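This is entry-v4.tsv. It holds TSV, C-alpha atoms.
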```tsv
chain	number	residue	atom	x	y	z
F	9	MET	CA	113.02	190.72	17.85
F	10	PRO	CA	113.36	188.61	20.99
F	11	VAL	CA	115.09	185.27	21.30
F	12	PRO	CA	113.28	182.72	19.08
F	13	GLU	CA	110.99	180.51	21.14
F	14	ILE	CA	112.16	177.33	19.41
F	15	ASP	CA	115.77	178.10	20.33
F	16	LEU	CA	114.79	178.97	23.88
F	17	ARG	CA	113.06	175.60	24.25
F	18	ARG	CA	116.19	173.88	22.91
F	19	ILE	CA	118.41	175.75	25.41
F	20	ARG	CA	116.14	174.89	28.34
F	21	LYS	CA	116.05	171.23	27.29
F	22	TRP	CA	119.86	171.25	27.09
F	23	CYS	CA	120.05	172.70	30.62
F	24	THR	CA	117.77	169.95	31.89
F	25	GLN	CA	119.95	167.31	30.22
F	26	GLU	CA	123.08	168.84	31.78
F	27	THR	CA	121.51	168.54	35.24
F	28	SER	CA	122.12	165.10	36.70
F	29	PRO	CA	118.90	163.75	38.25
F	30	GLN	CA	120.94	162.10	41.02
F	31	HIS	CA	122.49	165.44	42.00
F	32	ALA	CA	119.67	167.89	41.22
F	33	ASP	CA	119.40	168.72	44.92
F	34	GLN	CA	123.06	169.84	44.85
F	35	LEU	CA	123.65	171.28	41.38
F	36	ARG	CA	121.45	172.46	38.52
F	37	VAL	CA	122.11	174.04	35.17
F	38	GLU	CA	119.58	176.72	34.28
F	39	ALA	CA	119.01	179.51	31.75
F	40	ASP	CA	118.50	183.19	32.57
F	41	VAL	CA	116.73	184.83	29.64
F	42	THR	CA	116.68	188.45	28.48
F	43	ALA	CA	115.31	189.88	25.23
F	44	THR	CA	118.49	189.18	23.24
F	45	ALA	CA	120.57	186.76	25.30
F	46	VAL	CA	120.49	183.63	27.38
F	47	THR	CA	122.97	183.11	30.19
F	48	ILE	CA	123.75	179.54	31.21
F	49	VAL	CA	124.10	179.45	35.00
F	50	GLU	CA	125.19	176.84	37.49
F	51	THR	CA	123.01	176.91	40.60
F	52	ARG	CA	123.78	175.45	44.02
F	53	PRO	CA	121.90	175.39	47.31
F	54	PRO	CA	123.15	177.53	50.19
F	55	TRP	CA	125.64	175.70	52.38
F	56	ASP	CA	124.53	177.36	55.60
F	57	ASP	CA	120.74	177.75	55.29
F	58	PRO	CA	118.63	174.97	53.75
F	59	ALA	CA	115.74	177.41	53.32
F	60	GLY	CA	117.91	180.11	51.71
F	61	GLU	CA	118.20	181.04	48.05
F	62	TRP	CA	120.38	179.07	45.68
F	63	THR	CA	123.52	180.77	44.37
F	64	ARG	CA	123.65	181.48	40.63
F	65	PHE	CA	127.04	181.43	38.90
F	66	PRO	CA	127.19	182.35	35.19
F	67	ILE	CA	129.00	179.87	32.93
F	68	ALA	CA	128.41	181.15	29.38
F	69	ARG	CA	126.21	183.55	27.46
F	70	LEU	CA	124.49	183.04	24.11
F	71	ARG	CA	123.62	186.32	22.42
F	72	TYR	CA	121.07	186.43	19.60
F	73	THR	CA	121.32	188.94	16.76
F	74	ALA	CA	117.95	189.23	15.05
F	75	THR	CA	119.28	190.97	11.93
F	76	THR	CA	121.50	188.01	11.06
F	77	GLY	CA	119.57	185.27	12.84
F	78	GLU	CA	122.82	184.15	14.46
F	79	TRP	CA	123.85	183.19	17.95
F	80	THR	CA	127.24	184.19	19.37
F	81	LEU	CA	128.96	182.45	22.28
F	82	TYR	CA	130.57	184.37	25.15
F	83	TRP	CA	132.70	183.20	28.06
F	84	ARG	CA	132.86	184.73	31.55
F	85	ASP	CA	136.07	185.98	33.14
F	86	ARG	CA	136.93	186.02	36.85
F	87	HIS	CA	135.35	189.47	37.19
F	88	LEU	CA	132.04	188.10	35.86
F	89	ARG	CA	132.39	190.00	32.57
F	90	PHE	CA	131.59	188.29	29.30
F	91	HIS	CA	133.85	188.14	26.24
F	92	ARG	CA	133.24	186.73	22.80
F	93	TYR	CA	134.54	183.17	22.46
F	94	ASP	CA	136.73	183.54	19.37
F	95	ARG	CA	137.33	179.82	18.87
F	96	THR	CA	133.79	179.32	17.60
F	97	PRO	CA	132.10	181.50	14.98
F	98	PRO	CA	128.51	182.70	15.34
F	99	SER	CA	125.93	180.18	14.20
F	100	ARG	CA	122.30	180.08	13.17
F	101	GLN	CA	122.09	176.77	15.08
F	102	VAL	CA	122.11	177.40	18.82
F	103	GLN	CA	122.73	173.68	19.40
F	104	ALA	CA	126.18	174.00	17.80
F	105	LEU	CA	127.16	176.53	20.47
F	106	LEU	CA	125.62	174.49	23.29
F	107	ASP	CA	127.74	171.56	22.08
F	108	VAL	CA	130.85	173.73	22.41
F	109	VAL	CA	129.96	174.65	25.99
F	110	ALA	CA	129.32	171.01	26.88
F	111	ASP	CA	132.05	169.21	24.95
F	112	SER	CA	134.82	171.56	23.85
F	113	GLY	CA	137.19	170.38	26.56
F	114	ASP	CA	138.02	174.05	27.14
F	115	PRO	CA	138.06	174.68	30.92
F	116	ILE	CA	137.02	178.27	30.28
F	117	PHE	CA	133.39	177.22	30.68
F	118	TRP	CA	133.26	174.60	33.43
F	119	GLY	CA	136.69	175.09	35.03
```
File written out as structure tokens:
Amino acid sequence: MPVPEIDLRRIRKWCTQETSPQHADQLRVEADVTATAVTIVETRPPWDDPAGEWTRFPIARLRYTATTGEWTLYWRDRHLRFHRYDRTPPSRQVQALLDVVADSGDPIFWG
């Protein structure tokens, strides 16, 4: 079963709220979606070519397990590999995990 549409809408809304309207031309928070996971990415315009593609840097991953209906939070290491974030248990409420990414105070997500 793919990622629930209601959760996907919530994640995309969260990304929009995390993007400052005043700085949207310099920094955006977006979601890359696969069948079972959503990766939160920070995007920035190219510094040397205004017409070039924006860079995409992964911040966190939310993985959905259909059999349990739970989301699990992952953090990204310096080699761009993801690891389970052990400080927060899986949750049926994706918003709880988005709150951790936004407000945990842990620099593991936003540096």
(request) Fewer than 3 positions away in the same chain doesn't count, so skip those; otherwise give me all residues within 9 Å of stretch 15-17 of chain F, counting all atoms listed in the file, as JSON, numbers by chain. (result) {"F": [11, 12, 20, 21, 22, 39, 41, 46, 101, 102, 103]}
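Minimum atom-to-atom distance to F:Ala68, evaluated using only C-alpha atoms, belongs to F:Tyr82 out of F:Trp118, F:Tyr82, F:Trp55, F:Tyr93.
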(message) Between atom CA of F:Arg71 and atom CA of F:Leu35, what is the distance in Å, rounded to a tenth?
(response) 24.2 Å
Which residues come within 10 Å of F:Pro97, counting only C-alpha atoms, excluding same-chain residues fewer than 3 positions away, as a PDB file with C-alpha atoms, in the coordinates of the input?
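So part-v7.pdb came out as:
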```pdb
ATOM      1  CA  GLU F  78     122.820 184.150  14.460  1.00  0.00           C
ATOM      2  CA  TRP F  79     123.850 183.190  17.950  1.00  0.00           C
ATOM      3  CA  THR F  80     127.240 184.190  19.370  1.00  0.00           C
ATOM      4  CA  LEU F  81     128.960 182.450  22.280  1.00  0.00           C
ATOM      5  CA  ARG F  92     133.240 186.730  22.800  1.00  0.00           C
ATOM      6  CA  TYR F  93     134.540 183.170  22.460  1.00  0.00           C
ATOM      7  CA  ASP F  94     136.730 183.540  19.370  1.00  0.00           C
ATOM      8  CA  ALA F 104     126.180 174.000  17.800  1.00  0.00           C
ATOM      9  CA  LEU F 105     127.160 176.530  20.470  1.00  0.00           C
TER      10      LEU F 105
END
```
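Distance-wise, atom CA of F:Asp85 and atom CA of F:Asp40 end up 17.8 Å apart.
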(message) For F:Thr63, find every residue with an atom within 8 Å (counting all atoms listed in the file), except residues of its own chain fewer than 4 positions away, and show them as a list of chain:residue names.
(response) F:Thr51, F:Arg52, F:Pro53, F:Pro54
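The two atoms in question, atom CA of F:His87 and atom CA of F:Glu38, are spaced 20.5 Å apart.
Shortest atom-to-atom contact with F:Thr24 among F:Leu88, F:Glu50, F:Ala43, F:Asp57: F:Glu50, counting only C-alpha atoms.
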(request) Determine the nearest neighbour of F:Leu106 from the options F:Arg69, F:Arg64, F:His31, F:His91, counting all atoms listed in the file. (result) F:Arg69
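Each of F:Ala45, F:Ile14, F:Val109, F:Cys23 was compared to F:Tyr72 using only C-alpha atoms, and F:Ala45 turns out to be the nearest.
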Have stretch 48-73 of chain F completed to N, CA, C and O atoms, please, and pass it along as a CSV table (one decimal), in the coordinates of the input.
```csv
chain,number,residue,atom,x,y,z
F,48,ILE,N,123.7,180.9,30.6
F,48,ILE,CA,123.8,179.5,31.2
F,48,ILE,C,124.4,179.7,32.6
F,48,ILE,O,125.5,180.2,32.7
F,49,VAL,N,123.6,179.3,33.6
F,49,VAL,CA,124.1,179.4,35.0
F,49,VAL,C,124.1,178.1,35.7
F,49,VAL,O,123.3,177.2,35.5
F,50,GLU,N,125.1,178.0,36.6
F,50,GLU,CA,125.2,176.8,37.5
F,50,GLU,C,124.6,177.3,38.8
F,50,GLU,O,125.0,178.3,39.3
F,51,THR,N,123.7,176.5,39.3
F,51,THR,CA,123.0,176.9,40.6
F,51,THR,C,123.3,175.9,41.7
F,51,THR,O,123.4,174.7,41.4
F,52,ARG,N,123.5,176.3,42.9
F,52,ARG,CA,123.8,175.4,44.0
F,52,ARG,C,123.0,175.9,45.2
F,52,ARG,O,122.8,177.1,45.4
F,53,PRO,N,122.6,175.0,46.1
F,53,PRO,CA,121.9,175.4,47.3
F,53,PRO,C,122.8,176.1,48.3
F,53,PRO,O,124.1,175.9,48.2
F,54,PRO,N,122.3,176.9,49.2
F,54,PRO,CA,123.2,177.5,50.2
F,54,PRO,C,123.8,176.5,51.1
F,54,PRO,O,123.1,175.5,51.5
F,55,TRP,N,125.0,176.7,51.5
F,55,TRP,CA,125.6,175.7,52.4
F,55,TRP,C,125.3,175.9,53.8
F,55,TRP,O,125.4,175.0,54.6
F,56,ASP,N,124.8,177.1,54.2
F,56,ASP,CA,124.5,177.4,55.6
F,56,ASP,C,123.1,177.5,56.0
F,56,ASP,O,122.7,177.7,57.2
F,57,ASP,N,122.2,177.5,55.0
F,57,ASP,CA,120.7,177.8,55.3
F,57,ASP,C,119.9,177.0,54.3
F,57,ASP,O,119.7,177.4,53.2
F,58,PRO,N,119.4,175.8,54.7
F,58,PRO,CA,118.6,175.0,53.8
F,58,PRO,C,117.4,175.7,53.1
F,58,PRO,O,117.0,175.3,52.1
F,59,ALA,N,116.9,176.7,53.8
F,59,ALA,CA,115.7,177.4,53.3
F,59,ALA,C,116.1,178.6,52.5
F,59,ALA,O,115.3,179.3,52.0
F,60,GLY,N,117.4,178.9,52.4
F,60,GLY,CA,117.9,180.1,51.7
F,60,GLY,C,117.9,180.0,50.2
F,60,GLY,O,117.5,178.9,49.7
F,61,GLU,N,118.2,181.0,49.5
F,61,GLU,CA,118.2,181.0,48.0
F,61,GLU,C,119.4,180.4,47.5
F,61,GLU,O,120.5,180.5,48.1
F,62,TRP,N,119.3,179.7,46.4
F,62,TRP,CA,120.4,179.1,45.7
F,62,TRP,C,121.3,180.1,45.1
F,62,TRP,O,120.8,181.2,44.6
F,63,THR,N,122.6,179.9,45.0
F,63,THR,CA,123.5,180.8,44.4
F,63,THR,C,123.5,180.5,42.9
F,63,THR,O,123.2,179.4,42.4
F,64,ARG,N,123.7,181.6,42.1
F,64,ARG,CA,123.6,181.5,40.6
F,64,ARG,C,125.0,182.0,40.1
F,64,ARG,O,125.4,183.1,40.3
F,65,PHE,N,125.7,181.1,39.4
F,65,PHE,CA,127.0,181.4,38.9
F,65,PHE,C,127.0,181.3,37.4
F,65,PHE,O,126.8,180.2,36.8
F,66,PRO,N,127.2,182.4,36.7
F,66,PRO,CA,127.2,182.4,35.2
F,66,PRO,C,128.3,181.5,34.6
F,66,PRO,O,129.5,181.6,35.0
F,67,ILE,N,128.0,180.7,33.6
F,67,ILE,CA,129.0,179.9,32.9
F,67,ILE,C,129.3,180.4,31.5
F,67,ILE,O,130.4,180.5,31.1
F,68,ALA,N,128.3,180.7,30.8
F,68,ALA,CA,128.4,181.2,29.4
F,68,ALA,C,127.2,182.0,29.0
F,68,ALA,O,126.2,181.9,29.7
F,69,ARG,N,127.3,182.8,28.0
F,69,ARG,CA,126.2,183.6,27.5
F,69,ARG,C,126.1,183.3,26.0
F,69,ARG,O,127.1,183.3,25.2
F,70,LEU,N,124.8,183.2,25.5
F,70,LEU,CA,124.5,183.0,24.1
F,70,LEU,C,123.7,184.3,23.7
F,70,LEU,O,122.7,184.6,24.3
F,71,ARG,N,124.3,185.1,22.8
F,71,ARG,CA,123.6,186.3,22.4
F,71,ARG,C,123.0,186.2,21.0
F,71,ARG,O,123.7,185.7,20.1
F,72,TYR,N,121.8,186.6,20.9
F,72,TYR,CA,121.1,186.4,19.6
F,72,TYR,C,121.0,187.8,18.9
F,72,TYR,O,120.7,188.8,19.5
F,73,THR,N,121.4,187.7,17.6
F,73,THR,CA,121.3,188.9,16.8
F,73,THR,C,120.2,188.7,15.7
F,73,THR,O,120.4,187.9,14.8
```
